[in-house]
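J.: If you scroll down you'll find the structure; I have some questions about it.
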Number of protein chains: 2
Amino acid sequence: MFSLADVQARLASLSVSGNNIISHAATASPEEYKNAVSSSSAPASTAHLKTLVFKPKTAKTAKPVPVVIIARDETDTVTGALGKKLDIKEMRLAAPELLQEFFNATKDDVSPLSITSSNASQITLVIDSALASSSDSFALKAGSSDKTMLLKGTDIAKYLESSGAKAHLIDFAELKKDAPAPIAKANASSGKAASAPSATSGSISADGNARAKAADSAKIADAELIGITIRKDGDFSEWYQQVLRKGDMIDWYDVSGCYILKPWSYHVWQCIQTFFDGEIKKLGVENCYFPMFVSSDVLEREKDHIEGFAPEVAWVTRAGKSDLEKPIAIRPTSETVMYPYYSKWIHSHRDLPLKLNQWNSVVRWEFKHPQPFLRTREFLWQEGHTAFLTKEEATVEVHQILALYAKVYTDLLALPVVPGVKSEKEKFAGGLFTTTVEGFIPTTGRGIQGGTSHCLGQNFSKMFDISVEDPRADASKRGTREGRAYVWQNSWGLSTRTIGVMVMVHGDNKGLVMPPRVSSIQVVIVAVGINVKTTDAQRKEIYDACEKLEAELKRVGVRARYDDRDNYTPAYKFNDWELRGVPIRLEIGPQDLAKQSTLSARRDTGAKAAIPLATVTEAIPQLLETIHHDMYAKAEQVYRERRRVVTKWEDFTVNLNQKCHVIIPWCEVEECEDAIKERSARVADTDEPEDERAPSMGAKSLCIPLDQSPYPDIAGLKCPQCGSDAKRWTMFGRSY
Amino acid sequence: MFSLADVQARLASLSVSGNNIISHAATASPEEYKNAVSSSSAPASTAHLKTLVFKPKTAKTAKPVPVVIIARDETDTVTGALGKKLDIKEMRLAAPELLQEFFNATKDDVSPLSITSSNASQITLVIDSALASSSDSFALKAGSSDKTMLLKGTDIAKYLESSGAKAHLIDFAELKKDAPAPIAKANASSGKAASAPSATSGSISADGNARAKAADSAKIADAELIGITIRKDGDFSEWYQQVLRKGDMIDWYDVSGCYILKPWSYHVWQCIQTFFDGEIKKLGVENCYFPMFVSSDVLEREKDHIEGFAPEVAWVTRAGKSDLEKPIAIRPTSETVMYPYYSKWIHSHRDLPLKLNQWNSVVRWEFKHPQPFLRTREFLWQEGHTAFLTKEEATVEVHQILALYAKVYTDLLALPVVPGVKSEKEKFAGGLFTTTVEGFIPTTGRGIQGGTSHCLGQNFSKMFDISVEDPRADASKRGTREGRAYVWQNSWGLSTRTIGVMVMVHGDNKGLVMPPRVSSIQVVIVAVGINVKTTDAQRKEIYDACEKLEAELKRVGVRARYDDRDNYTPAYKFNDWELRGVPIRLEIGPQDLAKQSTLSARRDTGAKAAIPLATVTEAIPQLLETIHHDMYAKAEQVYRERRRVVTKWEDFTVNLNQKCHVIIPWCEVEECEDAIKERSARVADTDEPEDERAPSMGAKSLCIPLDQSPYPDIAGLKCPQCGSDAKRWTMFGRSY
């Protein structure tokens, strides 16, 4: 970020002390940060500020001059009015790349201290007068996410002025009076900090520089405190994080990139485990457990393979107070861990097939911005590792497993996927070919790899000498090198990423929408219509009916819960369970009882219908199935509509920018894939108004769909990018 | 061990090069070591030697003079004859403590290089002339378990002579001719290396100094190569390791202290998981997953608690090529990991009880000798962490969980346990009280802690501020500190150690004996009686009958396997499945078919009986149940007989030395427990002939049995150690 020593030296030169530094838990979001500061030794009166970086519209050939607004956290930085006042056009929240370039920081790290003498001349600085004139003590990140410097507002202003930046002192309260009407109606009801949410955006997609307007309208009107305050199609990143936390799926953790899986999400994982574990056992796969530790020798045995993982390997170098003689790695995946033993265990073709699976966690210490479920430093998964005598047997299994992965998505999570084969560029390093199920996040138009089943070929078996006397070899070759066969291997893995895809696709502005088959609670029962006039006898009758309903549903295998908390109103309970996405809510009140029915409300559609109490044990299981199928059908339709067949290059990026994937007749040449990525990125990077919200990321090949039948005959078609003969229809898109 | 530089300097002074050093995987047993050397860059012709250390009978007041025998690995070091020749009485394999004292090494590490000028004068050295005269190149551990020095036999002799030790050059082949008759008949048939097994002993129990005679007779006559070659009551440690490996439970791993759980053992763990997970869910416990990483701040929050774990914590300090700013620990247990979040999640008494459980692995980097399942650096377990409003509720749950742990042992693993409360000294650090189920290993007479359920009281909740507005408080105290209540917490854990206890108790000289309810295969079917005269039609008839039998048994839920491998004889298959401990073997041959029956053989008793094929689907499930109950009853009887009620101190150690636990009327004073440990250790340490095989380890309190009813009224009884008033009957014993 910046050198704390430099900052302190500059402060000292201004006769300001920069030594009031407090330590706290490391944090990964502004909210976490505030919590950390408030539970640290900082005074309770400590105030917060925000540092927002915008990029004005800039000619393509010119270098942009970022606008940095430093304001009290609660100040409404009316950017429209500000732009008008300072004559800055189309201010948009800056992309991560720009923040990196100018401030060597992320949007969460950037702070007044990031303004140094070396970047001050390249920016426009806007200082909130309510901050600059304040004698409050403000919290400033002090060069790492677990240290905070406390500085008075007046001292911050001093510091900023000393940087030499062109600074505007703005009275935002005054400015607001002149502000134009808000862009979206949703914003109108919000008196405060319309831009605050956008200050935490930019972490999921790379389209931050196009999100300023969207962020303005992202806030949901009248959202209750416990509810989701950000619209899914407004600020998707912030929405995702809110939904996960308020929906009780995860909690942040004080080691960056790690998250706590709470019971509400862990239950989904257990459902996936139960299904998949049962299915692979039918295929003869057995479970085992290899240690999480790997010696460096073993880890580095297969060079191509490890190259992809080496930068992310976590190393244990110390135990207690002793340094280990040799550092020991934590497994990033287990190929090189397991295969030396395969070599030892497989002596004869009669030892084949060997089919082992592990349910474990692996560690990949990525330095990119972490994202719950999608990119975490430790994640839960299963990894299967199998060995066969022939390529044919191995290939059959690759596809059996892929079909099971597809079923996890379609049959459990109500999510569509496209099964296919990865291009050479995108396949598993060191393997022969990779198959994948590709998912799709409609809101961002980005693809997501849902699970991969690799045929490793004989690369690893040759490396680790996993071979058998070949029963098919000529008798004359028995006992010779030529008479031996290297085994054919597969590996396949599915992780808790599944849960992230589920949340991103199904969730809505009210929170999670849980697919019924994996929801920890499928039906919640709430007593309603009770008021001061309700007699004790009536109350009891309603409560008893609720209890009875719960018991009956449980009896037929429905995961039902009667919410009998007496300290919450029905409205609160409705919100609470909607946040968590419980598929069906059943209400029972005096009128329902009179009709011997219960009012059902579907979480996915909001549809309400009375159900006779006499038929609930049949109706509810049916309704849960209907919801599953409806959720799947809805997501499937969107995905299908967003897969566009494209045969001309000029249509390629246009479709990407409409948040679609494109299916092209492709040449399957690796250089062509590189060119596609570069060209689709470059086009998006211009500041053309027609696709201003498009991310700058280039497209890569997602998969070559196994099912080519929906597409025209490929014969005679040319690759739209390079003009070579096309081989197969291939799906390209922006992706996670 | 010793300084490699010193060794090399001494070798150089003898004009011998000590630079021929090769690297290989670190190893934890002699067998592993040999494998590692053979797969290293060492020439295939590399020979192995053994270094055996014995302690002769020594007057109690005198310092012993160890006898060190250095011999080719395959030399039969006839110790009886050797003792006679050198006039050394009652040579017994030295205890670990002696090895440590004289050579700063374990039995696996000690090598000719351990003989230095500083210890040479204190020992008697015996050199195998077949080694000393050899020009073969021998492998010597070079100061760490992953480095080996190669030295010629003649150079080793030179080196040893230069140490200044009193050395005897012995022609063991010659000596053997004069050897007295072997002590046990079992030894008679063994032409080679009767003492080799004992070279790997001493790691489970500390009774190494008494094991020489036992080791001599430990080898099993006629054991096939695939079978167990060591008697359980001979060399228990070696037996255990053989049974685990040959029974296909584990494989060694190249990171010391870590083991691979193969499907045969992992299945047992999955059975335990399925049972326990189902039961705790009935109690309202939910599963979750916390990250494996812990920041040092969090880890060290609770001082008393962490003190016990700190020396064993593994630290990640590097990711890829970057050093982490702060080292991050791998959880040794999760109290301090989880409780900061409990503080965040628990706001109101309505959030109670909070009951969470995790199935995960934890890491304790112990430096003691590792032991599969019993002491491993990573192990699988579950850890439950719950919070309640009242002590009463917490106490109820402590015992509910303890009862489930007992059921895992009794109902799944067919093992008896004694449920009880730990003494103050033995309770969980930082907790209020600890309950335990205590198991027993009859062969060594040592107790083993089988699972613990702790009431943590309010210690952690005060530390982490987990408190709620107390609904029981006076209205006047609402909103004040006094009106708040700290929650009462429990934590409870059960690990894969369960599997080790199962193997140690039930296993026999033929290998594993699997309790039917957790055995991955319960019934194996083998076709027998087929010879050259058998017609194809007869063969088919037998094979078909076997297949049908398998299918019928599977249909009624029996985990049956027809072993149709055509490359093994029935005898081989019998051995193979006996090693793995499959509860029932069913044979079908021509005679069985003629009678429409199958011959069953029980693994636990060896009993054989014909079962009509028409009734197998009833008879086999019944027989499996019978076997479970018989196995339990047998183990229970032994454990019961070995719990001796003792009221006089003079009976205490006598009973311990008879491999029993003692139940004494105890004062429950911590100092008294220390005294008991010391006194029971000291007594065992004398060289009195009547208890020569007793371990030197002192006894500790294992538990205060919950069920005090089998014992006399405690009123008026005195503690046999200190004479104070006894409080409760308490079980003491040597333990793991």
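Residues in the structure tokens are named by chain (A, B, ... in the order shown) and by number from 1 within that chain; ligands are numbered from 1 in the order shown.
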Please identify all residues of chain A having at least one atom at most 7 Å from any atom of chain B, considering only C-alpha atoms, and return them as a PyMOL selection string.
T.: chain A and resi 255+258-263+266+286-291+294-295+310-321+365+378
J.: Export N, CA, C and O atoms of the chosen residues as a CSV table (one decimal), in the first residue's frame?
T.:
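Here's the written file again02.csv:
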chain,number,residue,atom,x,y,z
A,255,VAL,N,-8.8,-14.8,9.5
A,255,VAL,CA,-7.7,-15.0,8.6
A,255,VAL,C,-8.2,-14.8,7.1
A,255,VAL,O,-9.2,-15.4,6.7
A,258,CYS,N,-10.4,-16.9,4.3
A,258,CYS,CA,-11.1,-18.0,4.9
A,258,CYS,C,-12.4,-17.6,5.5
A,258,CYS,O,-12.6,-16.5,6.0
A,259,TYR,N,-13.4,-18.5,5.4
A,259,TYR,CA,-14.7,-18.1,5.8
A,259,TYR,C,-15.3,-19.3,6.7
A,259,TYR,O,-14.9,-20.4,6.5
A,260,ILE,N,-16.2,-18.9,7.6
A,260,ILE,CA,-16.8,-19.9,8.4
A,260,ILE,C,-18.1,-20.4,7.6
A,260,ILE,O,-18.9,-19.6,7.3
A,261,LEU,N,-18.2,-21.7,7.4
A,261,LEU,CA,-19.4,-22.3,6.9
A,261,LEU,C,-20.4,-22.6,8.0
A,261,LEU,O,-20.1,-23.5,8.8
A,262,LYS,N,-21.4,-21.8,8.1
A,262,LYS,CA,-22.4,-22.0,9.1
A,262,LYS,C,-23.3,-23.2,8.8
A,262,LYS,O,-23.3,-23.6,7.6
A,263,PRO,N,-24.1,-23.7,9.7
A,263,PRO,CA,-24.9,-24.8,9.5
A,263,PRO,C,-25.8,-24.7,8.2
A,263,PRO,O,-26.1,-25.6,7.5
A,266,TYR,N,-23.5,-25.5,5.4
A,266,TYR,CA,-22.9,-26.8,5.6
A,266,TYR,C,-23.9,-27.9,5.3
A,266,TYR,O,-23.5,-28.9,4.8
A,286,GLU,N,-14.0,-46.4,-3.3
A,286,GLU,CA,-13.9,-46.5,-1.8
A,286,GLU,C,-13.3,-45.2,-1.3
A,286,GLU,O,-12.4,-44.6,-2.0
A,287,ASN,N,-13.7,-44.8,-0.1
A,287,ASN,CA,-13.1,-43.6,0.5
A,287,ASN,C,-11.9,-43.9,1.3
A,287,ASN,O,-11.7,-45.0,1.9
A,288,CYS,N,-11.0,-43.0,1.4
A,288,CYS,CA,-9.8,-43.1,2.2
A,288,CYS,C,-9.4,-41.7,2.7
A,288,CYS,O,-10.1,-40.8,2.4
A,289,TYR,N,-8.3,-41.7,3.4
A,289,TYR,CA,-7.8,-40.3,3.8
A,289,TYR,C,-6.3,-40.3,3.8
A,289,TYR,O,-5.6,-41.1,4.5
A,290,PHE,N,-5.8,-39.4,3.0
A,290,PHE,CA,-4.3,-39.2,2.9
A,290,PHE,C,-4.0,-37.9,3.8
A,290,PHE,O,-4.9,-37.0,3.9
A,291,PRO,N,-2.9,-37.9,4.4
A,291,PRO,CA,-2.5,-36.7,5.2
A,291,PRO,C,-2.5,-35.4,4.5
A,291,PRO,O,-2.3,-35.4,3.2
A,294,VAL,N,2.4,-32.6,2.8
A,294,VAL,CA,3.2,-33.2,1.6
A,294,VAL,C,4.6,-32.7,1.8
A,294,VAL,O,4.9,-31.5,2.0
A,295,SER,N,5.5,-33.6,1.6
A,295,SER,CA,6.9,-33.2,1.6
A,295,SER,C,7.2,-32.5,0.3
A,295,SER,O,6.6,-32.8,-0.8
A,310,ALA,N,2.3,-24.2,-7.5
A,310,ALA,CA,3.4,-23.7,-6.6
A,310,ALA,C,3.3,-22.4,-6.0
A,310,ALA,O,3.5,-22.2,-4.8
A,311,PRO,N,2.8,-21.4,-6.8
A,311,PRO,CA,2.7,-20.0,-6.2
A,311,PRO,C,1.7,-19.9,-5.1
A,311,PRO,O,1.7,-19.0,-4.3
A,312,GLU,N,0.9,-20.9,-4.9
A,312,GLU,CA,-0.2,-20.9,-4.0
A,312,GLU,C,-0.1,-21.9,-2.8
A,312,GLU,O,-1.0,-22.1,-2.1
A,313,VAL,N,1.1,-22.5,-2.8
A,313,VAL,CA,1.2,-23.5,-1.7
A,313,VAL,C,1.6,-22.9,-0.4
A,313,VAL,O,2.5,-22.1,-0.3
A,314,ALA,N,0.9,-23.3,0.6
A,314,ALA,CA,1.2,-22.9,2.0
A,314,ALA,C,2.2,-23.8,2.6
A,314,ALA,O,2.1,-25.1,2.5
A,315,TRP,N,3.2,-23.3,3.3
A,315,TRP,CA,4.3,-24.1,3.8
A,315,TRP,C,4.3,-24.0,5.4
A,315,TRP,O,4.3,-22.9,5.9
A,316,VAL,N,4.4,-25.2,6.0
A,316,VAL,CA,4.6,-25.2,7.4
A,316,VAL,C,6.1,-25.3,7.6
A,316,VAL,O,6.8,-26.2,7.1
A,317,THR,N,6.6,-24.4,8.4
A,317,THR,CA,8.1,-24.4,8.6
A,317,THR,C,8.5,-24.5,10.0
A,317,THR,O,9.6,-24.6,10.4
A,318,ARG,N,7.4,-24.5,10.9
A,318,ARG,CA,7.7,-24.4,12.3
A,318,ARG,C,6.7,-25.2,13.1
A,318,ARG,O,5.5,-25.3,12.7
A,319,ALA,N,7.2,-25.9,14.1
A,319,ALA,CA,6.2,-26.6,15.0
A,319,ALA,C,6.6,-26.3,16.4
A,319,ALA,O,7.8,-26.4,16.8
A,320,GLY,N,5.6,-25.7,17.2
A,320,GLY,CA,5.9,-25.2,18.5
A,320,GLY,C,7.0,-24.1,18.3
A,320,GLY,O,6.8,-23.2,17.5
A,321,LYS,N,8.1,-24.3,19.0
A,321,LYS,CA,9.2,-23.2,18.8
A,321,LYS,C,10.3,-23.8,17.9
A,321,LYS,O,11.3,-23.1,17.8
A,365,TRP,N,-3.2,-20.8,-1.5
A,365,TRP,CA,-3.1,-19.5,-0.9
A,365,TRP,C,-3.0,-18.4,-2.0
A,365,TRP,O,-2.0,-17.8,-2.3
A,378,GLU,N,-8.8,-21.9,1.9
A,378,GLU,CA,-9.1,-23.4,2.2
A,378,GLU,C,-10.5,-23.6,1.6
A,378,GLU,O,-11.4,-22.8,1.8
J.: For segment 608-615 of chain A, list every protein, DNA or RNA residue within 6 Å, evaluated using only C-alpha atoms, and leave out those in the same chain fewer than 2 positions away; present the list as an NGL selection string.
T.: :A and (596-601 or 617-619)
J.: With distances taken over only C-alpha atoms, which residue among A:Tyr562, A:Phe373, A:Phe433, A:Tyr572 lies nearest Gly500 of chain A?
T.: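 Selected residue with least distance to Gly500 of chain A: A:Phe373.
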J.: Expressed in Å to a single decimal, how great is the separation between atom CA of Met504 of chain B and atom CA of Ile230 of chain B?
T.: 13.9 Å
J.: Could you tell me which of A:Thr336, A:Gln122, A:Thr77, A:Thr154 comes closest to Lys177 of chain A if we count only C-alpha atoms?
T.: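 Ranking A:Thr336, A:Gln122, A:Thr77, A:Thr154 by distance to Lys177 of chain A, first place goes to A:Thr77.
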J.: Need to verify the contact set: Phe102 of chain A, 9 Å, only C-alpha atoms, exclusion of same-chain residues closer than 5 positions in sequence. Can you return it as an MDAnalysis selection string?
T.: chainID A and resid 66 97 119 122:123
J.: Could those selected residues go to a file with C-alpha atoms, as a PDB file, in the first residue's frame?
T.:
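Once everything was written out, this is result19.pdb:
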ATOM      1  CA  PRO A  66      -8.727   9.980 -10.951  1.00  0.00           C
ATOM      2  CA  GLU A  97      -6.609  -1.900 -12.107  1.00  0.00           C
ATOM      3  CA  ASN A 119       0.813  10.358  -6.949  1.00  0.00           C
ATOM      4  CA  GLN A 122      -1.808  12.969 -10.963  1.00  0.00           C
ATOM      5  CA  ILE A 123      -5.154  13.185  -9.214  1.00  0.00           C
TER       6      ILE A 123
END
J.: With distances taken over only C-alpha atoms, which residue among B:Ser520, B:Thr75, B:Gln458, B:Ser118 lies nearest Phe2 of chain B?
T.: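 Result for the nearest residue to Phe2 of chain B: B:Ser118.
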J.: Write out as JSON, numbers by chain all residues of segment 616-680 of chain A that DSSP puts in strand (DSSP E) for this structure's backbone.
T.: {"A": [643, 644, 645, 661, 662, 663, 664, 665, 666]}
J.: Under the rule that only C-alpha atoms are counted, which of B:Cys660, B:Trp381, B:His347, B:Glu673 is the nearest residue to Pro332 of chain B?
T.: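 Counting only C-alpha atoms, the residue closest to Pro332 of chain B is B:Trp381.
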J.: Identify which of the residues A:Gly723, A:Pro471, A:Gly589, A:Gly483 lies closest to Arg539 of chain A, counting only C-alpha atoms when measuring atom-to-atom distances.
T.: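 That would be A:Gly589, the residue with the smallest distance to Arg539 of chain A.
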J.: List as a ChimeraX atom specification the protein and nucleic acid residues near segment 7-20 of chain A, meaning an atom at most 7 Å away when only C-alpha atoms are counted, but skip any in the same chain fewer than 5 places from it.
T.: /A:113,149-150,155,159
J.: Please provide the set of residues having any atom within 6 Å of segment 449-451 of chain B, restricted to only C-alpha atoms, with same-chain residues fewer than 3 positions apart removed, written as a list in words.
T.: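 Residues near the query, excluding close chain neighbours: Thr436, Val437, Glu438, Gly439 and Leu494 of chain B.
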J.: If DSSP is run on the backbone, what residues of segment 358-572 of chain A are helix (DSSP H, G or I)? A reply as an mmCIF file with C-alpha atoms, in the first residue's frame would be ideal.
T.:
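Result written to states27.cif:
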data_model
loop_
_atom_site.group_PDB
_atom_site.id
_atom_site.type_symbol
_atom_site.label_atom_id
_atom_site.label_comp_id
_atom_site.auth_asym_id
_atom_site.auth_seq_id
_atom_site.Cartn_x
_atom_site.Cartn_y
_atom_site.Cartn_z
ATOM 1 C CA LYS A 391 -7.954 -45.876 -21.847
ATOM 2 C CA GLU A 392 -11.454 -47.022 -22.716
ATOM 3 C CA GLU A 393 -12.339 -47.911 -19.125
ATOM 4 C CA ALA A 394 -10.858 -44.640 -17.881
ATOM 5 C CA THR A 395 -12.826 -42.656 -20.434
ATOM 6 C CA VAL A 396 -16.074 -44.343 -19.460
ATOM 7 C CA GLU A 397 -15.525 -43.352 -15.841
ATOM 8 C CA VAL A 398 -14.627 -39.760 -16.692
ATOM 9 C CA HIS A 399 -18.079 -39.410 -18.170
ATOM 10 C CA GLN A 400 -19.873 -41.358 -15.420
ATOM 11 C CA ILE A 401 -18.475 -38.913 -12.896
ATOM 12 C CA LEU A 402 -19.247 -35.902 -15.059
ATOM 13 C CA ALA A 403 -22.840 -37.085 -15.289
ATOM 14 C CA LEU A 404 -22.973 -37.271 -11.471
ATOM 15 C CA TYR A 405 -21.595 -33.746 -11.205
ATOM 16 C CA ALA A 406 -24.284 -32.574 -13.606
ATOM 17 C CA LYS A 407 -26.873 -34.313 -11.425
ATOM 18 C CA VAL A 408 -25.608 -32.511 -8.310
ATOM 19 C CA TYR A 409 -26.407 -29.258 -10.087
ATOM 20 C CA THR A 410 -29.612 -30.201 -11.828
ATOM 21 C CA ASP A 411 -31.168 -32.615 -9.339
ATOM 22 C CA LEU A 412 -30.049 -31.110 -6.039
ATOM 23 C CA ASN A 459 1.436 -39.007 -17.863
ATOM 24 C CA PHE A 460 1.360 -39.518 -14.109
ATOM 25 C CA SER A 461 1.642 -43.297 -14.313
ATOM 26 C CA LYS A 462 4.845 -42.901 -16.310
ATOM 27 C CA MET A 463 6.137 -40.285 -13.912
ATOM 28 C CA ALA A 475 3.582 -64.175 -24.237
ATOM 29 C CA SER A 476 7.081 -63.537 -25.593
ATOM 30 C CA LYS A 477 7.102 -60.130 -23.960
ATOM 31 C CA ARG A 481 9.685 -53.748 -20.173
ATOM 32 C CA GLU A 482 7.646 -54.010 -23.354
ATOM 33 C CA GLY A 483 5.303 -56.471 -21.706
ATOM 34 C CA ARG A 497 -18.057 -23.649 -4.966
ATOM 35 C CA THR A 498 -21.328 -25.376 -5.870
ATOM 36 C CA ILE A 499 -22.937 -23.470 -3.010
ATOM 37 C CA GLY A 500 -21.727 -20.123 -4.316
ATOM 38 C CA VAL A 501 -23.231 -20.796 -7.742
ATOM 39 C CA MET A 502 -26.510 -21.796 -6.117
ATOM 40 C CA VAL A 503 -26.679 -18.529 -4.172
ATOM 41 C CA MET A 504 -25.686 -16.338 -7.126
ATOM 42 C CA VAL A 505 -28.216 -17.827 -9.518
ATOM 43 C CA HIS A 506 -31.271 -18.322 -7.309
ATOM 44 C CA PRO A 516 -35.945 -27.444 -1.678
ATOM 45 C CA ARG A 517 -33.883 -30.628 -1.886
ATOM 46 C CA VAL A 518 -30.868 -29.132 -0.121
ATOM 47 C CA ASP A 536 -55.904 -17.754 25.527
ATOM 48 C CA ALA A 537 -58.006 -20.620 24.232
ATOM 49 C CA GLN A 538 -57.780 -19.322 20.673
ATOM 50 C CA ARG A 539 -54.054 -18.850 21.016
ATOM 51 C CA LYS A 540 -53.612 -22.365 22.240
ATOM 52 C CA GLU A 541 -55.702 -23.685 19.388
ATOM 53 C CA ILE A 542 -53.494 -21.915 16.838
ATOM 54 C CA TYR A 543 -50.250 -22.950 18.505
ATOM 55 C CA ASP A 544 -51.428 -26.530 18.751
ATOM 56 C CA ALA A 545 -52.372 -26.528 15.079
ATOM 57 C CA CYS A 546 -48.899 -25.244 14.178
ATOM 58 C CA GLU A 547 -47.237 -27.912 16.288
ATOM 59 C CA LYS A 548 -49.414 -30.595 14.823
ATOM 60 C CA LEU A 549 -48.646 -29.396 11.307
ATOM 61 C CA GLU A 550 -44.915 -29.531 12.010
ATOM 62 C CA ALA A 551 -45.184 -33.051 13.384
ATOM 63 C CA GLU A 552 -47.251 -34.279 10.454
ATOM 64 C CA LEU A 553 -44.853 -32.862 7.904
ATOM 65 C CA LYS A 554 -41.859 -34.309 9.707
ATOM 66 C CA ARG A 555 -43.568 -37.662 9.748
ATOM 67 C CA PRO A 570 -44.963 -12.599 12.218
ATOM 68 C CA ALA A 571 -43.642 -9.880 9.872
ATOM 69 C CA TYR A 572 -40.179 -10.186 11.362
#
J.: Measure the distance from atom CA of Lys700 of chain B to atom CA of Arg375 of chain B in Å and round it to one decimal.
T.: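 Between atom CA of Lys700 of chain B and atom CA of Arg375 of chain B the gap is 18.7 Å.
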J.: Tell me, as a list in words, which residues lie within 9 Å of Ile88 of chain B, counting only C-alpha atoms; anything in the same chain fewer than 3 positions away does not count.
T.: Pro56, Lys57, Val67, Leu82, Gly83, Lys84, Lys85 and Met91 of chain B
J.: Got a sec: who's within 6 Å of Trp729 of chain A, counting only C-alpha atoms, leaving out chain neighbours fewer than 5 positions off, as an mmCIF file with all heavy atoms, in the first residue's frame?
T.:
data_model
loop_
_atom_site.group_PDB
_atom_site.id
_atom_site.type_symbol
_atom_site.label_atom_id
_atom_site.label_comp_id
_atom_site.auth_asym_id
_atom_site.auth_seq_id
_atom_site.Cartn_x
_atom_site.Cartn_y
_atom_site.Cartn_z
ATOM 1 N N ILE A 664 -19.413 -20.676 -30.858
ATOM 2 C CA ILE A 664 -18.884 -20.450 -32.204
ATOM 3 C C ILE A 664 -18.348 -21.755 -32.788
ATOM 4 O O ILE A 664 -17.954 -22.669 -32.057
ATOM 5 C CB ILE A 664 -17.746 -19.392 -32.198
ATOM 6 C CG1 ILE A 664 -16.533 -19.878 -31.361
ATOM 7 C CG2 ILE A 664 -18.242 -18.041 -31.680
ATOM 8 C CD1 ILE A 664 -15.280 -19.049 -31.555
ATOM 9 N N PRO A 665 -18.348 -21.817 -34.111
ATOM 10 C CA PRO A 665 -17.677 -22.952 -34.763
ATOM 11 C C PRO A 665 -16.179 -22.689 -34.674
ATOM 12 O O PRO A 665 -15.677 -21.743 -35.285
ATOM 13 C CB PRO A 665 -18.177 -22.873 -36.210
ATOM 14 C CG PRO A 665 -18.627 -21.459 -36.410
ATOM 15 C CD PRO A 665 -18.896 -20.840 -35.070
ATOM 16 N N TRP A 666 -15.500 -23.489 -33.869
ATOM 17 C CA TRP A 666 -14.130 -23.092 -33.512
ATOM 18 C C TRP A 666 -13.084 -24.030 -34.092
ATOM 19 O O TRP A 666 -13.309 -25.248 -34.219
ATOM 20 C CB TRP A 666 -14.008 -23.022 -31.979
ATOM 21 C CG TRP A 666 -12.714 -22.414 -31.514
ATOM 22 C CD1 TRP A 666 -12.084 -21.319 -32.022
ATOM 23 C CD2 TRP A 666 -11.871 -22.883 -30.462
ATOM 24 N NE1 TRP A 666 -10.923 -21.058 -31.347
ATOM 25 C CE2 TRP A 666 -10.764 -22.002 -30.373
ATOM 26 C CE3 TRP A 666 -11.947 -23.949 -29.561
ATOM 27 C CZ2 TRP A 666 -9.735 -22.173 -29.443
ATOM 28 C CZ3 TRP A 666 -10.935 -24.100 -28.623
ATOM 29 C CH2 TRP A 666 -9.835 -23.220 -28.575
#
